[in-house]
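Colleague: I am sharing protein21.txt, which consists of compact mmCIF, C-alpha atoms:
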```txt
# COMPACT_ATOMS: atom_id res chain seq x y z
CA MET A 557 -19.04 -30.28 -31.25
CA ASN A 558 -21.41 -31.04 -28.37
CA SER A 559 -22.72 -27.47 -28.42
CA THR A 560 -23.45 -27.79 -32.14
CA VAL A 561 -25.40 -31.01 -31.62
CA THR A 562 -27.31 -29.40 -28.75
CA THR A 563 -28.17 -26.40 -30.92
CA ASP A 564 -29.40 -28.62 -33.76
CA ARG A 565 -31.62 -30.58 -31.36
CA GLN A 566 -33.02 -27.34 -29.93
CA ASP A 567 -33.81 -26.02 -33.40
CA GLU A 568 -35.55 -29.26 -34.41
CA ARG A 569 -37.61 -29.30 -31.20
CA LEU A 570 -38.62 -25.67 -31.71
CA GLN A 571 -39.64 -26.11 -35.33
CA SER A 572 -41.69 -29.21 -34.55
CA ARG A 573 -44.12 -27.28 -32.37
CA GLU A 574 -47.46 -26.52 -33.97
CA GLY A 575 -49.91 -23.67 -33.84
CA LEU A 576 -49.77 -20.21 -32.34
CA ARG A 577 -48.72 -21.52 -28.92
CA GLY A 578 -45.77 -23.28 -30.50
CA ALA A 579 -44.76 -20.13 -32.37
CA VAL A 580 -44.82 -18.07 -29.17
CA ALA A 581 -42.85 -20.75 -27.31
CA ASP A 582 -40.38 -20.77 -30.19
CA VAL A 583 -39.77 -17.01 -29.89
CA VAL A 584 -39.49 -17.15 -26.08
CA GLU A 585 -36.99 -20.00 -26.03
CA ARG A 586 -34.83 -18.45 -28.75
CA ALA A 587 -34.84 -15.14 -26.88
CA ARG A 588 -33.70 -16.88 -23.71
CA GLY A 589 -30.84 -18.36 -25.69
CA GLY A 590 -29.76 -14.90 -26.87
CA ASP A 591 -31.24 -15.19 -30.38
CA LEU A 592 -33.31 -11.99 -30.16
CA GLY A 593 -33.69 -11.32 -33.89
CA VAL A 594 -35.74 -8.17 -34.55
CA ILE A 595 -37.54 -8.28 -31.18
CA PRO A 596 -35.59 -5.37 -29.58
CA VAL A 597 -36.02 -3.01 -32.53
CA VAL A 598 -39.74 -3.81 -32.91
CA VAL A 599 -40.33 -3.27 -29.19
CA GLY A 600 -38.29 -0.06 -29.33
CA LEU A 601 -40.24 1.18 -32.33
CA ILE A 602 -43.56 0.55 -30.56
CA VAL A 603 -42.34 2.46 -27.49
CA ILE A 604 -41.04 5.38 -29.57
CA TRP A 605 -44.26 5.63 -31.59
CA THR A 606 -46.40 5.43 -28.47
CA VAL A 607 -44.48 8.19 -26.67
CA LEU A 608 -44.36 10.49 -29.68
CA GLN A 609 -48.06 9.97 -30.42
CA ILE A 610 -48.95 10.88 -26.85
CA LEU A 611 -46.81 14.03 -27.07
CA ASN A 612 -48.17 15.01 -30.50
CA PRO A 613 -51.29 13.32 -31.99
CA ILE A 614 -50.16 14.35 -35.49
CA PHE A 615 -47.21 11.93 -35.41
CA LEU A 616 -49.14 8.80 -36.46
CA SER A 617 -51.29 10.66 -38.97
CA SER A 618 -51.31 9.29 -42.49
CA THR A 619 -49.69 12.46 -43.84
CA ASN A 620 -46.74 12.29 -41.45
CA LEU A 621 -46.18 8.55 -41.96
CA VAL A 622 -46.12 9.01 -45.74
CA ASN A 623 -43.47 11.69 -45.32
CA LEU A 624 -41.58 9.43 -42.91
CA THR A 625 -41.42 6.57 -45.41
CA MET A 626 -40.24 8.84 -48.22
CA GLU A 627 -37.55 10.42 -46.07
CA SER A 628 -36.34 6.99 -44.96
CA ALA A 629 -35.60 5.54 -48.38
CA ALA A 630 -32.34 7.27 -49.38
CA VAL A 631 -30.43 6.78 -46.11
CA GLY A 632 -32.07 3.36 -45.68
CA ILE A 633 -30.51 2.17 -48.94
CA ILE A 634 -27.12 3.40 -47.70
CA ALA A 635 -27.72 1.51 -44.44
CA LEU A 636 -28.41 -1.64 -46.47
CA GLY A 637 -24.83 -1.48 -47.73
CA ILE A 638 -23.56 -0.96 -44.18
CA VAL A 639 -25.37 -4.16 -43.15
CA CYS A 640 -23.34 -6.06 -45.75
CA VAL A 641 -19.95 -4.90 -44.46
CA LEU A 642 -20.92 -5.31 -40.80
CA LEU A 643 -21.92 -8.92 -41.46
CA VAL A 644 -18.27 -9.71 -42.27
CA GLY A 645 -17.04 -7.75 -39.26
CA GLN A 646 -15.82 -4.68 -41.19
CA ILE A 647 -16.97 -1.06 -41.48
CA ASP A 648 -17.27 1.66 -44.13
CA LEU A 649 -17.02 5.21 -42.78
CA SER A 650 -17.12 6.86 -46.21
CA VAL A 651 -20.68 6.09 -47.31
CA GLY A 652 -21.80 9.66 -46.61
CA SER A 653 -19.02 11.16 -48.74
CA VAL A 654 -19.58 8.61 -51.51
CA SER A 655 -23.30 9.40 -51.57
CA GLY A 656 -22.57 13.14 -51.75
CA LEU A 657 -20.04 12.64 -54.53
CA SER A 658 -22.51 10.51 -56.51
CA GLY A 659 -25.12 13.27 -56.28
CA ALA A 660 -22.55 15.80 -57.52
CA VAL A 661 -21.49 13.57 -60.43
CA LEU A 662 -25.13 13.00 -61.39
CA ALA A 663 -25.88 16.74 -61.34
CA VAL A 664 -22.83 17.68 -63.39
CA LEU A 665 -23.37 15.01 -66.04
CA PHE A 666 -27.14 15.49 -66.25
CA VAL A 667 -27.47 19.27 -65.91
CA SER A 668 -24.11 20.79 -66.84
CA GLU A 669 -23.05 18.30 -69.53
CA GLY A 670 -26.54 17.54 -70.84
CA LEU A 671 -26.26 13.74 -70.76
CA PRO A 672 -29.44 11.62 -70.53
CA VAL A 673 -30.42 11.06 -66.92
CA TRP A 674 -30.13 7.27 -67.22
CA LEU A 675 -26.56 7.57 -68.48
CA ALA A 676 -25.64 9.96 -65.65
CA ILE A 677 -27.11 7.52 -63.13
CA LEU A 678 -25.21 4.60 -64.68
CA ALA A 679 -21.94 6.52 -64.57
CA ALA A 680 -22.44 7.38 -60.90
CA VAL A 681 -23.30 3.78 -59.97
CA ILE A 682 -20.24 2.44 -61.82
CA MET A 683 -18.12 4.97 -59.95
CA GLY A 684 -19.49 3.67 -56.65
CA ALA A 685 -18.75 0.06 -57.58
CA VAL A 686 -15.18 0.98 -58.53
CA ILE A 687 -14.68 2.74 -55.18
CA GLY A 688 -15.77 -0.41 -53.35
CA TRP A 689 -13.44 -2.52 -55.49
CA VAL A 690 -10.48 -0.26 -54.66
CA TYR A 691 -11.30 -0.54 -50.95
CA ALA A 692 -11.33 -4.33 -51.25
CA GLN A 693 -7.95 -4.42 -53.00
CA LEU A 694 -6.35 -2.28 -50.29
CA PHE A 695 -7.89 -4.53 -47.64
CA ASN A 696 -7.14 -7.89 -49.28
CA ARG A 697 -3.71 -7.20 -50.74
CA PHE A 698 -2.12 -4.94 -48.16
CA GLY A 699 -4.09 -5.73 -45.03
CA VAL A 700 -4.98 -2.11 -44.33
CA PRO A 701 -7.81 -2.00 -41.76
CA SER A 702 -11.17 -1.06 -43.29
CA PHE A 703 -11.54 1.65 -40.65
CA VAL A 704 -8.44 3.44 -41.98
CA ILE A 705 -9.22 2.86 -45.67
CA THR A 706 -12.73 4.22 -45.48
CA LEU A 707 -11.76 7.08 -43.16
CA ALA A 708 -9.28 8.17 -45.83
CA GLY A 709 -12.06 7.74 -48.40
CA LEU A 710 -14.37 9.92 -46.33
CA LEU A 711 -11.92 12.82 -46.53
CA ALA A 712 -10.80 12.23 -50.13
CA PHE A 713 -14.28 11.94 -51.63
CA LEU A 714 -15.54 14.92 -49.67
CA GLY A 715 -12.78 16.96 -51.27
CA LEU A 716 -13.53 15.46 -54.68
CA GLN A 717 -17.21 16.37 -54.25
CA LEU A 718 -16.28 20.00 -53.64
CA TYR A 719 -14.01 19.94 -56.71
CA VAL A 720 -16.71 18.44 -58.95
CA LEU A 721 -19.28 21.05 -57.92
CA GLY A 722 -16.76 23.83 -58.52
CA THR A 723 -17.30 27.45 -57.62
CA LYS A 724 -21.09 27.18 -57.95
CA GLY A 725 -21.30 24.93 -54.92
CA SER A 726 -24.82 23.82 -55.85
CA ILE A 727 -26.55 22.47 -58.96
CA ASN A 728 -30.33 22.24 -59.17
CA LEU A 729 -31.99 19.27 -60.86
CA PRO A 730 -34.94 19.99 -63.20
CA PHE A 731 -38.22 19.64 -61.30
CA ASP A 732 -39.89 18.12 -64.37
CA SER A 733 -37.32 15.33 -64.73
CA GLY A 734 -38.41 11.75 -64.17
CA LEU A 735 -35.81 11.26 -61.43
CA VAL A 736 -37.13 14.15 -59.32
CA ASN A 737 -40.73 13.06 -59.88
CA PHE A 738 -39.78 9.55 -58.78
CA ALA A 739 -38.32 10.85 -55.51
CA GLN A 740 -40.99 13.43 -54.74
CA LEU A 741 -44.29 12.95 -56.54
CA ASP A 742 -44.69 9.39 -57.86
CA PHE A 743 -46.97 7.19 -55.73
CA VAL A 744 -48.25 3.68 -56.32
CA PRO A 745 -51.91 3.46 -57.44
CA PRO A 746 -54.14 2.00 -54.68
CA TRP A 747 -55.09 -1.12 -56.67
CA LEU A 748 -51.42 -1.88 -57.33
CA SER A 749 -50.51 -1.30 -53.68
CA TYR A 750 -53.05 -3.92 -52.60
CA THR A 751 -51.75 -6.23 -55.32
CA PHE A 752 -48.23 -5.88 -53.92
CA ALA A 753 -49.58 -6.79 -50.47
CA VAL A 754 -51.16 -9.97 -51.82
CA ILE A 755 -48.02 -10.87 -53.76
CA ALA A 756 -45.87 -10.35 -50.64
CA ALA A 757 -48.10 -12.64 -48.55
CA ALA A 758 -48.19 -15.28 -51.29
CA GLY A 759 -44.43 -15.03 -51.71
CA LEU A 760 -43.89 -15.54 -47.99
CA PHE A 761 -46.06 -18.65 -48.05
CA ALA A 762 -44.41 -20.05 -51.19
CA SER A 763 -40.87 -19.51 -49.95
CA GLY A 764 -41.73 -20.97 -46.55
CA TYR A 765 -43.43 -23.98 -48.11
CA LEU A 766 -40.53 -24.72 -50.44
CA HIS A 767 -38.04 -24.34 -47.60
CA ALA A 768 -40.10 -26.70 -45.43
CA GLN A 769 -40.18 -29.26 -48.24
CA GLU A 770 -36.40 -29.09 -48.57
CA ARG A 771 -35.96 -29.69 -44.86
CA ARG A 772 -38.35 -32.64 -44.87
CA ARG A 773 -36.54 -34.23 -47.82
CA ALA A 774 -33.32 -33.88 -45.83
CA GLY A 775 -34.95 -35.62 -42.85
CA LEU A 776 -35.23 -32.45 -40.75
CA SER A 777 -38.21 -30.98 -38.96
CA ALA A 778 -39.98 -28.03 -40.57
CA ARG A 779 -42.82 -25.58 -40.04
CA THR A 780 -46.28 -27.05 -40.43
CA LEU A 781 -48.65 -25.99 -43.22
CA SER A 782 -51.02 -24.37 -40.73
CA MET A 783 -48.19 -22.27 -39.29
CA LEU A 784 -47.17 -21.11 -42.78
CA VAL A 785 -50.77 -20.11 -43.54
CA VAL A 786 -51.15 -18.19 -40.26
CA ARG A 787 -47.89 -16.34 -40.86
CA SER A 788 -48.84 -15.36 -44.42
CA VAL A 789 -52.37 -14.26 -43.47
CA ALA A 790 -50.96 -12.13 -40.66
CA LEU A 791 -48.59 -10.41 -43.09
CA LEU A 792 -51.44 -9.83 -45.54
CA VAL A 793 -53.59 -8.22 -42.84
CA VAL A 794 -50.77 -5.93 -41.70
CA LEU A 795 -49.80 -4.87 -45.22
CA THR A 796 -53.42 -4.30 -46.24
CA PHE A 797 -53.95 -2.05 -43.25
CA VAL A 798 -50.73 -0.13 -43.96
CA VAL A 799 -51.71 0.41 -47.60
CA TRP A 800 -55.21 1.53 -46.62
CA TYR A 801 -53.97 3.91 -43.92
CA LEU A 802 -51.25 5.54 -46.04
CA GLY A 803 -53.80 5.78 -48.85
CA GLN A 804 -55.82 8.20 -46.74
CA THR A 805 -53.47 10.88 -48.09
CA ARG A 806 -50.93 10.24 -50.87
CA GLY A 807 -50.34 6.51 -50.47
CA VAL A 808 -47.14 4.52 -50.84
CA GLY A 809 -44.31 6.24 -52.69
CA TRP A 810 -42.48 4.44 -55.48
CA MET A 811 -39.14 5.39 -53.95
CA PHE A 812 -40.06 3.59 -50.72
CA VAL A 813 -41.25 0.58 -52.74
CA PHE A 814 -37.87 0.59 -54.49
CA PHE A 815 -36.12 0.59 -51.11
CA VAL A 816 -38.24 -2.32 -49.83
CA ALA A 817 -37.59 -4.22 -53.09
CA LEU A 818 -33.83 -3.87 -52.56
CA VAL A 819 -34.25 -5.12 -48.98
CA LEU A 820 -36.15 -8.19 -50.22
CA VAL A 821 -33.53 -8.93 -52.88
CA MET A 822 -30.71 -8.67 -50.35
CA HIS A 823 -32.66 -10.79 -47.86
CA TYR A 824 -32.97 -13.53 -50.46
CA LEU A 825 -29.30 -13.32 -51.43
CA LEU A 826 -28.15 -13.43 -47.80
CA SER A 827 -30.50 -16.17 -46.61
CA ARG A 828 -30.98 -18.47 -49.60
CA THR A 829 -27.76 -18.41 -51.65
CA LYS A 830 -24.28 -19.86 -51.33
CA TRP A 831 -22.85 -16.35 -51.34
CA GLY A 832 -25.05 -15.34 -48.41
CA ARG A 833 -23.97 -18.36 -46.38
CA ALA A 834 -20.36 -17.46 -47.14
CA VAL A 835 -20.91 -13.90 -45.88
CA TYR A 836 -22.25 -15.15 -42.54
CA ALA A 837 -19.48 -17.74 -42.31
CA VAL A 838 -16.75 -15.14 -42.84
CA GLY A 839 -18.37 -12.84 -40.30
CA GLY A 840 -18.70 -15.65 -37.76
CA ASN A 841 -15.15 -17.00 -38.03
CA VAL A 842 -12.96 -15.95 -40.92
CA GLU A 843 -10.31 -18.61 -40.34
CA ALA A 844 -12.88 -21.41 -40.15
CA ALA A 845 -14.48 -20.09 -43.35
CA ARG A 846 -11.10 -20.09 -45.11
CA ARG A 847 -10.40 -23.68 -44.04
CA ALA A 848 -13.87 -24.68 -45.26
CA GLY A 849 -12.87 -23.63 -48.77
CA ILE A 850 -14.64 -20.28 -48.92
CA ASN A 851 -12.93 -17.62 -51.05
CA VAL A 852 -12.69 -15.07 -48.25
CA LYS A 853 -11.12 -12.35 -50.39
CA ALA A 854 -13.93 -12.61 -52.93
CA VAL A 855 -16.50 -12.27 -50.15
CA TYR A 856 -14.79 -9.15 -48.81
CA THR A 857 -14.65 -7.70 -52.33
CA SER A 858 -18.35 -8.34 -52.92
CA VAL A 859 -19.50 -6.64 -49.70
CA PHE A 860 -17.30 -3.58 -50.17
CA VAL A 861 -18.55 -3.18 -53.75
CA LEU A 862 -22.17 -3.58 -52.63
CA CYS A 863 -21.74 -1.07 -49.82
CA SER A 864 -20.30 1.66 -52.06
CA THR A 865 -22.85 0.93 -54.78
CA PHE A 866 -25.75 1.25 -52.34
CA ALA A 867 -24.18 4.48 -51.04
CA THR A 868 -24.18 5.78 -54.61
CA VAL A 869 -27.82 4.83 -55.19
CA GLY A 870 -28.82 6.42 -51.89
CA GLY A 871 -26.93 9.59 -52.79
CA ILE A 872 -28.67 9.81 -56.16
CA LEU A 873 -32.09 9.46 -54.54
CA ALA A 874 -31.19 11.99 -51.85
CA ALA A 875 -30.22 14.52 -54.54
CA ALA A 876 -33.44 13.78 -56.43
CA ARG A 877 -35.46 14.18 -53.24
CA LEU A 878 -33.86 17.60 -52.68
CA ALA A 879 -33.87 18.38 -56.42
CA ALA A 880 -30.28 19.58 -56.03
CA ALA A 881 -26.72 18.51 -55.31
CA ASN A 882 -24.65 20.83 -53.14
CA GLN A 883 -21.59 20.91 -50.90
CA SER A 884 -23.57 19.63 -47.91
CA SER A 885 -24.96 16.57 -49.76
CA GLY A 886 -23.94 13.43 -47.89
CA ALA A 887 -22.49 15.48 -45.04
CA GLY A 888 -23.95 16.16 -41.62
CA ASP A 889 -25.52 13.10 -40.04
CA VAL A 890 -25.98 10.99 -43.19
CA ASN A 891 -22.93 8.85 -42.49
CA LEU A 892 -23.71 8.32 -38.83
CA ASN A 893 -27.43 7.70 -39.42
CA ALA A 894 -26.68 4.99 -42.00
CA ILE A 895 -24.34 3.16 -39.62
CA ALA A 896 -26.67 3.69 -36.67
CA ALA A 897 -29.64 2.37 -38.64
CA ALA A 898 -27.83 -0.88 -39.43
CA VAL A 899 -26.79 -1.39 -35.80
CA ILE A 900 -30.14 -0.36 -34.31
CA GLY A 901 -31.81 -2.73 -36.79
CA GLY A 902 -30.03 -5.68 -35.18
CA THR A 903 -26.84 -6.08 -37.22
CA SER A 904 -24.02 -7.07 -34.88
CA LEU A 905 -20.81 -5.06 -34.77
CA PHE A 906 -19.02 -8.34 -34.09
CA GLY A 907 -20.02 -9.79 -37.48
CA GLY A 908 -22.05 -12.81 -38.53
CA ARG A 909 -25.41 -11.59 -37.16
CA GLY A 910 -28.07 -9.47 -38.84
CA THR A 911 -30.48 -9.35 -41.76
CA ALA A 912 -31.32 -7.02 -44.61
CA PHE A 913 -34.54 -6.10 -42.80
CA GLY A 914 -32.36 -4.51 -40.14
CA ALA A 915 -31.70 -1.58 -42.48
CA LEU A 916 -35.43 -1.06 -43.00
CA LEU A 917 -36.36 -1.25 -39.32
CA GLY A 918 -33.35 0.74 -38.16
CA ILE A 919 -33.89 3.69 -40.49
CA ILE A 920 -37.58 3.80 -39.57
CA VAL A 921 -36.56 4.09 -35.91
CA ILE A 922 -34.12 6.92 -36.65
CA GLN A 923 -36.52 8.74 -38.97
CA SER A 924 -39.31 8.35 -36.41
CA ILE A 925 -37.16 10.07 -33.79
CA SER A 926 -36.28 12.85 -36.21
CA SER A 927 -39.87 13.35 -37.38
CA GLY A 928 -41.35 13.22 -33.88
CA LEU A 929 -38.90 15.70 -32.38
CA THR A 930 -39.39 18.04 -35.34
CA LEU A 931 -43.15 18.00 -34.74
CA LEU A 932 -42.45 18.89 -31.11
CA ASN A 933 -40.36 21.87 -32.26
CA LEU A 934 -37.35 20.63 -30.33
CA ASP A 935 -33.80 21.58 -31.20
CA SER A 936 -31.77 19.23 -33.42
CA SER A 937 -29.34 18.74 -30.54
CA ILE A 938 -32.04 16.74 -28.74
CA ARG A 939 -32.39 14.49 -31.78
CA PHE A 940 -28.67 13.72 -31.77
CA VAL A 941 -28.74 12.90 -28.07
CA VAL A 942 -31.78 10.62 -28.36
CA THR A 943 -30.42 8.85 -31.45
CA GLY A 944 -27.08 8.32 -29.72
CA ALA A 945 -28.81 6.87 -26.66
CA VAL A 946 -30.84 4.47 -28.81
CA LEU A 947 -27.68 3.41 -30.68
CA LEU A 948 -25.82 2.76 -27.42
CA LEU A 949 -28.75 0.73 -26.10
CA ALA A 950 -28.79 -1.35 -29.29
CA VAL A 951 -25.08 -2.17 -28.93
CA VAL A 952 -25.54 -3.06 -25.24
CA VAL A 953 -28.41 -5.41 -26.14
CA ASP A 954 -26.28 -6.99 -28.88
CA SER A 955 -23.37 -7.53 -26.46
CA VAL A 956 -25.61 -9.08 -23.80
CA ALA A 957 -27.30 -11.31 -26.38
CA ARG A 958 -23.90 -12.42 -27.69
CA LYS A 959 -22.82 -13.48 -24.19
CA SER A 960 -26.12 -15.31 -23.73
CA ARG A 961 -25.68 -17.18 -27.03
CA THR A 962 -22.18 -18.19 -25.96
CA SER A 963 -23.40 -19.52 -22.61
CA HIS A 964 -26.18 -21.48 -24.35
CA GLY A 965 -23.86 -22.91 -27.01
CA ARG A 966 -25.46 -20.93 -29.86
CA ALA A 967 -22.63 -18.49 -30.64
```
Before anything else, please render the file you have as structure tokens.
Modeller:
Amino acid sequence: MNSTVTTDRQDERLQSREGLRGAVADVVERARGGDLGVIPVVVGLIVIWTVLQILNPIFLSSTNLVNLTMESAAVGIIALGIVCVLLVGQIDLSVGSVSGLSGAVLAVLFVSEGLPVWLAILAAVIMGAVIGWVYAQLFNRFGVPSFVITLAGLLAFLGLQLYVLGTKGSINLPFDSGLVNFAQLDFVPPWLSYTFAVIAAAGLFASGYLHAQERRRAGLSARTLSMLVVRSVALLVVLTFVVWYLGQTRGVGWMFVFFVALVLVMHYLLSRTKWGRAVYAVGGNVEAARRAGINVKAVYTSVFVLCSTFATVGGILAAARLAAANQSSGAGDVNLNAIAAAVIGGTSLFGGRGTAFGALLGIIVIQSISSGLTLLNLDSSIRFVVTGAVLLLAVVVDSVARKSRTSHGRA
């Protein structure tokens, strides 16, 4: 109880500080208390980009960064689902197989059976949701560990993918279809890209202002108006520069915009809704959440369904990006990269810590490593080693931060 009161007083003191100096002091004091947020991944991304740019000046070119964003979207969406299950302290090892199976189902229904592409997509997404629901029933009703359930799913759905594709082993998607164009050739017009940047900055200010008003009505301290303006202007400047720089070649792809939109939706659901608070509560202490009246089984069901559904969407986009579904779809490092992206992005393996933005930042880190090492003509084995080292470092940082939060009464 005393630690909770101390934490509340610390938060109120931090939020009452004004100006840029107060914001910096806020970040420093939270970091000392073990609340690192996205600081490690942002610092790591800056270091990785700096090193790779020194080794190959092409890395930070507009052309390469456009390719990097497009390649990040499919696996990033899968990682977004992994964030959901990690927040409640569980895991899904089958997302790669589910994504591969969804691509196979899409290809068979769309190409072989001649169904409209939207209907094939809908069928694949429903299949993914059903898979997540089955996982949840096995977990809730029989108490089977999620590790075992999803490991079995990994093997079963890989076999089902091979069965669906049949003897052909590969099905090509029509290059002139809207789905393939969306994943490969469709880019946002420059004027609309700048409009999105303005809307994002205005949305950040509006949400921050409304949240501050709610806190003041409840008698709590809140961010000042000047701090909200500075934060929104900074975001506008960054986004405007990004749009301008990527626009030097092809611009911002619609598929990447779709990925970012999903991240924003999930961020809102996790941070501003009753369901999101329940997810963090279950991940923090499942027994305390149950005694507080939270329907724990419903929370588990929702995150498993979301994870499999996002895996399906990511698999569909990956097939569209390749313009084909084959036996290797969803295999290889897809599964591991999705999980690694969530963890590298700051989502705790212990549950209760992380944000939807972790999927975005984490997959950019992984894709940056892959892109940079490819430009250096290094063997893929080096990429696996480097990615593994970054993943291990992220887990070590999370463990150290967790101990620091405990010692400061912020766990």
Colleague: Separation of CA of Trp831 (chain A) and CA of Gly652 (chain A), in Å?
Modeller: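 One can read the CA of Trp831 (chain A) to CA of Gly652 (chain A) distance as 26.5 Å.
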Colleague: Counting only C-alpha atoms, I want the residues whose atoms come within 10 Å of (-15.5, -10.6, -49.7) in the file frame, returned as a list in words.
Modeller: Cys640, Val641, Val644, Ala692, Phe695, Asn696, Trp831, Ala834, Val835, Val838, Ile850, Asn851, Val852, Lys853, Ala854, Val855, Tyr856, Thr857, Ser858, Val859, Phe860 and Val861 of chain A
Colleague: With only C-alpha atoms as the basis for distance, which of A:Ile922, A:Val816, A:Leu665, A:Ala898 is at the shortest distance from Leu643 (chain A)?
Modeller: A:Ala898
Colleague: With all atoms listed in the file as the counted atoms, please give the residues lying no more than 10 Å from Gly901 (chain A), apart from itself and same-chain residues fewer than 4 positions off, as a short mmCIF file (atom, residue, chain, number, x, y, z; two decimals) with C-alpha atoms, keeping the file's coordinate frame.
Modeller:
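Saved as result_23.cif:
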```
data_model
loop_
_atom_site.label_atom_id
_atom_site.label_comp_id
_atom_site.auth_asym_id
_atom_site.auth_seq_id
_atom_site.Cartn_x
_atom_site.Cartn_y
_atom_site.Cartn_z
CA GLY A 593 -33.69 -11.32 -33.89
CA VAL A 594 -35.74 -8.17 -34.55
CA ILE A 595 -37.54 -8.28 -31.18
CA PRO A 596 -35.59 -5.37 -29.58
CA VAL A 597 -36.02 -3.01 -32.53
CA VAL A 598 -39.74 -3.81 -32.91
CA ALA A 635 -27.72 1.51 -44.44
CA VAL A 639 -25.37 -4.16 -43.15
CA ILE A 895 -24.34 3.16 -39.62
CA ALA A 896 -26.67 3.69 -36.67
CA ALA A 897 -29.64 2.37 -38.64
CA GLY A 910 -28.07 -9.47 -38.84
CA THR A 911 -30.48 -9.35 -41.76
CA ALA A 912 -31.32 -7.02 -44.61
CA PHE A 913 -34.54 -6.10 -42.80
CA GLY A 914 -32.36 -4.51 -40.14
CA ALA A 915 -31.70 -1.58 -42.48
CA LEU A 916 -35.43 -1.06 -43.00
CA LEU A 917 -36.36 -1.25 -39.32
CA GLY A 918 -33.35 0.74 -38.16
CA ILE A 919 -33.89 3.69 -40.49
CA ILE A 920 -37.58 3.80 -39.57
CA VAL A 921 -36.56 4.09 -35.91
CA ILE A 922 -34.12 6.92 -36.65
CA LEU A 947 -27.68 3.41 -30.68
CA ALA A 950 -28.79 -1.35 -29.29
#
```
Colleague: Measuring between all atoms listed in the file, which one of A:Thr868, A:Ser777, A:Asn620, A:Ser884 shows the shortest distance to Val654 (chain A)?
Modeller: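 Smallest distance to Val654 (chain A) is found for A:Thr868.
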Colleague: To one decimal in Å, tell me the separation between CA of Pro746 (chain A) and CA of Gly803 (chain A).
Modeller: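 Between CA of Pro746 (chain A) and CA of Gly803 (chain A) the gap works out to 7.0 Å.
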Colleague: To one decimal place, how far is CA of Asn737 (chain A) from CA of Ala879 (chain A) in Å?
Modeller: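 Taking CA of Asn737 (chain A) as the start and CA of Ala879 (chain A) as the end point, the length is 9.3 Å.
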Colleague: Generate the missing atoms of region 923-933 of chain A up to N, CA, C and O atoms and report them as a PDB file, keeping the file's coordinate frame.
Modeller:
```
ATOM      1  N   GLN A 923     -35.680   7.724 -38.343  1.00  0.00           N
ATOM      2  CA  GLN A 923     -36.520   8.740 -38.970  1.00  0.00           C
ATOM      3  C   GLN A 923     -37.729   9.068 -38.098  1.00  0.00           C
ATOM      4  O   GLN A 923     -38.214  10.205 -38.105  1.00  0.00           O
ATOM      5  N   SER A 924     -38.209   8.095 -37.334  1.00  0.00           N
ATOM      6  CA  SER A 924     -39.310   8.350 -36.410  1.00  0.00           C
ATOM      7  C   SER A 924     -38.891   9.337 -35.331  1.00  0.00           C
ATOM      8  O   SER A 924     -39.646  10.262 -34.977  1.00  0.00           O
ATOM      9  N   ILE A 925     -37.674   9.141 -34.796  1.00  0.00           N
ATOM     10  CA  ILE A 925     -37.160  10.070 -33.790  1.00  0.00           C
ATOM     11  C   ILE A 925     -37.035  11.467 -34.364  1.00  0.00           C
ATOM     12  O   ILE A 925     -37.456  12.454 -33.755  1.00  0.00           O
ATOM     13  N   SER A 926     -36.466  11.555 -35.568  1.00  0.00           N
ATOM     14  CA  SER A 926     -36.280  12.850 -36.210  1.00  0.00           C
ATOM     15  C   SER A 926     -37.615  13.539 -36.488  1.00  0.00           C
ATOM     16  O   SER A 926     -37.801  14.725 -36.191  1.00  0.00           O
ATOM     17  N   SER A 927     -38.568  12.786 -37.051  1.00  0.00           N
ATOM     18  CA  SER A 927     -39.870  13.350 -37.380  1.00  0.00           C
ATOM     19  C   SER A 927     -40.625  13.776 -36.126  1.00  0.00           C
ATOM     20  O   SER A 927     -41.209  14.861 -36.066  1.00  0.00           O
ATOM     21  N   GLY A 928     -40.614  12.914 -35.099  1.00  0.00           N
ATOM     22  CA  GLY A 928     -41.350  13.220 -33.880  1.00  0.00           C
ATOM     23  C   GLY A 928     -40.810  14.439 -33.159  1.00  0.00           C
ATOM     24  O   GLY A 928     -41.582  15.293 -32.714  1.00  0.00           O
ATOM     25  N   LEU A 929     -39.485  14.547 -33.071  1.00  0.00           N
ATOM     26  CA  LEU A 929     -38.900  15.700 -32.380  1.00  0.00           C
ATOM     27  C   LEU A 929     -39.081  16.981 -33.186  1.00  0.00           C
ATOM     28  O   LEU A 929     -39.179  18.072 -32.616  1.00  0.00           O
ATOM     29  N   THR A 930     -39.124  16.863 -34.510  1.00  0.00           N
ATOM     30  CA  THR A 930     -39.390  18.040 -35.340  1.00  0.00           C
ATOM     31  C   THR A 930     -40.815  18.536 -35.103  1.00  0.00           C
ATOM     32  O   THR A 930     -41.053  19.747 -35.005  1.00  0.00           O
ATOM     33  N   LEU A 931     -41.765  17.612 -35.007  1.00  0.00           N
ATOM     34  CA  LEU A 931     -43.150  18.000 -34.740  1.00  0.00           C
ATOM     35  C   LEU A 931     -43.295  18.669 -33.370  1.00  0.00           C
ATOM     36  O   LEU A 931     -44.184  19.494 -33.161  1.00  0.00           O
ATOM     37  N   LEU A 932     -42.410  18.296 -32.445  1.00  0.00           N
ATOM     38  CA  LEU A 932     -42.450  18.890 -31.110  1.00  0.00           C
ATOM     39  C   LEU A 932     -41.681  20.198 -31.030  1.00  0.00           C
ATOM     40  O   LEU A 932     -41.570  20.798 -29.959  1.00  0.00           O
ATOM     41  N   ASN A 933     -41.130  20.614 -32.186  1.00  0.00           N
ATOM     42  CA  ASN A 933     -40.360  21.870 -32.260  1.00  0.00           C
ATOM     43  C   ASN A 933     -39.159  21.876 -31.323  1.00  0.00           C
ATOM     44  O   ASN A 933     -38.790  22.913 -30.760  1.00  0.00           O
TER      45      ASN A 933
END
```
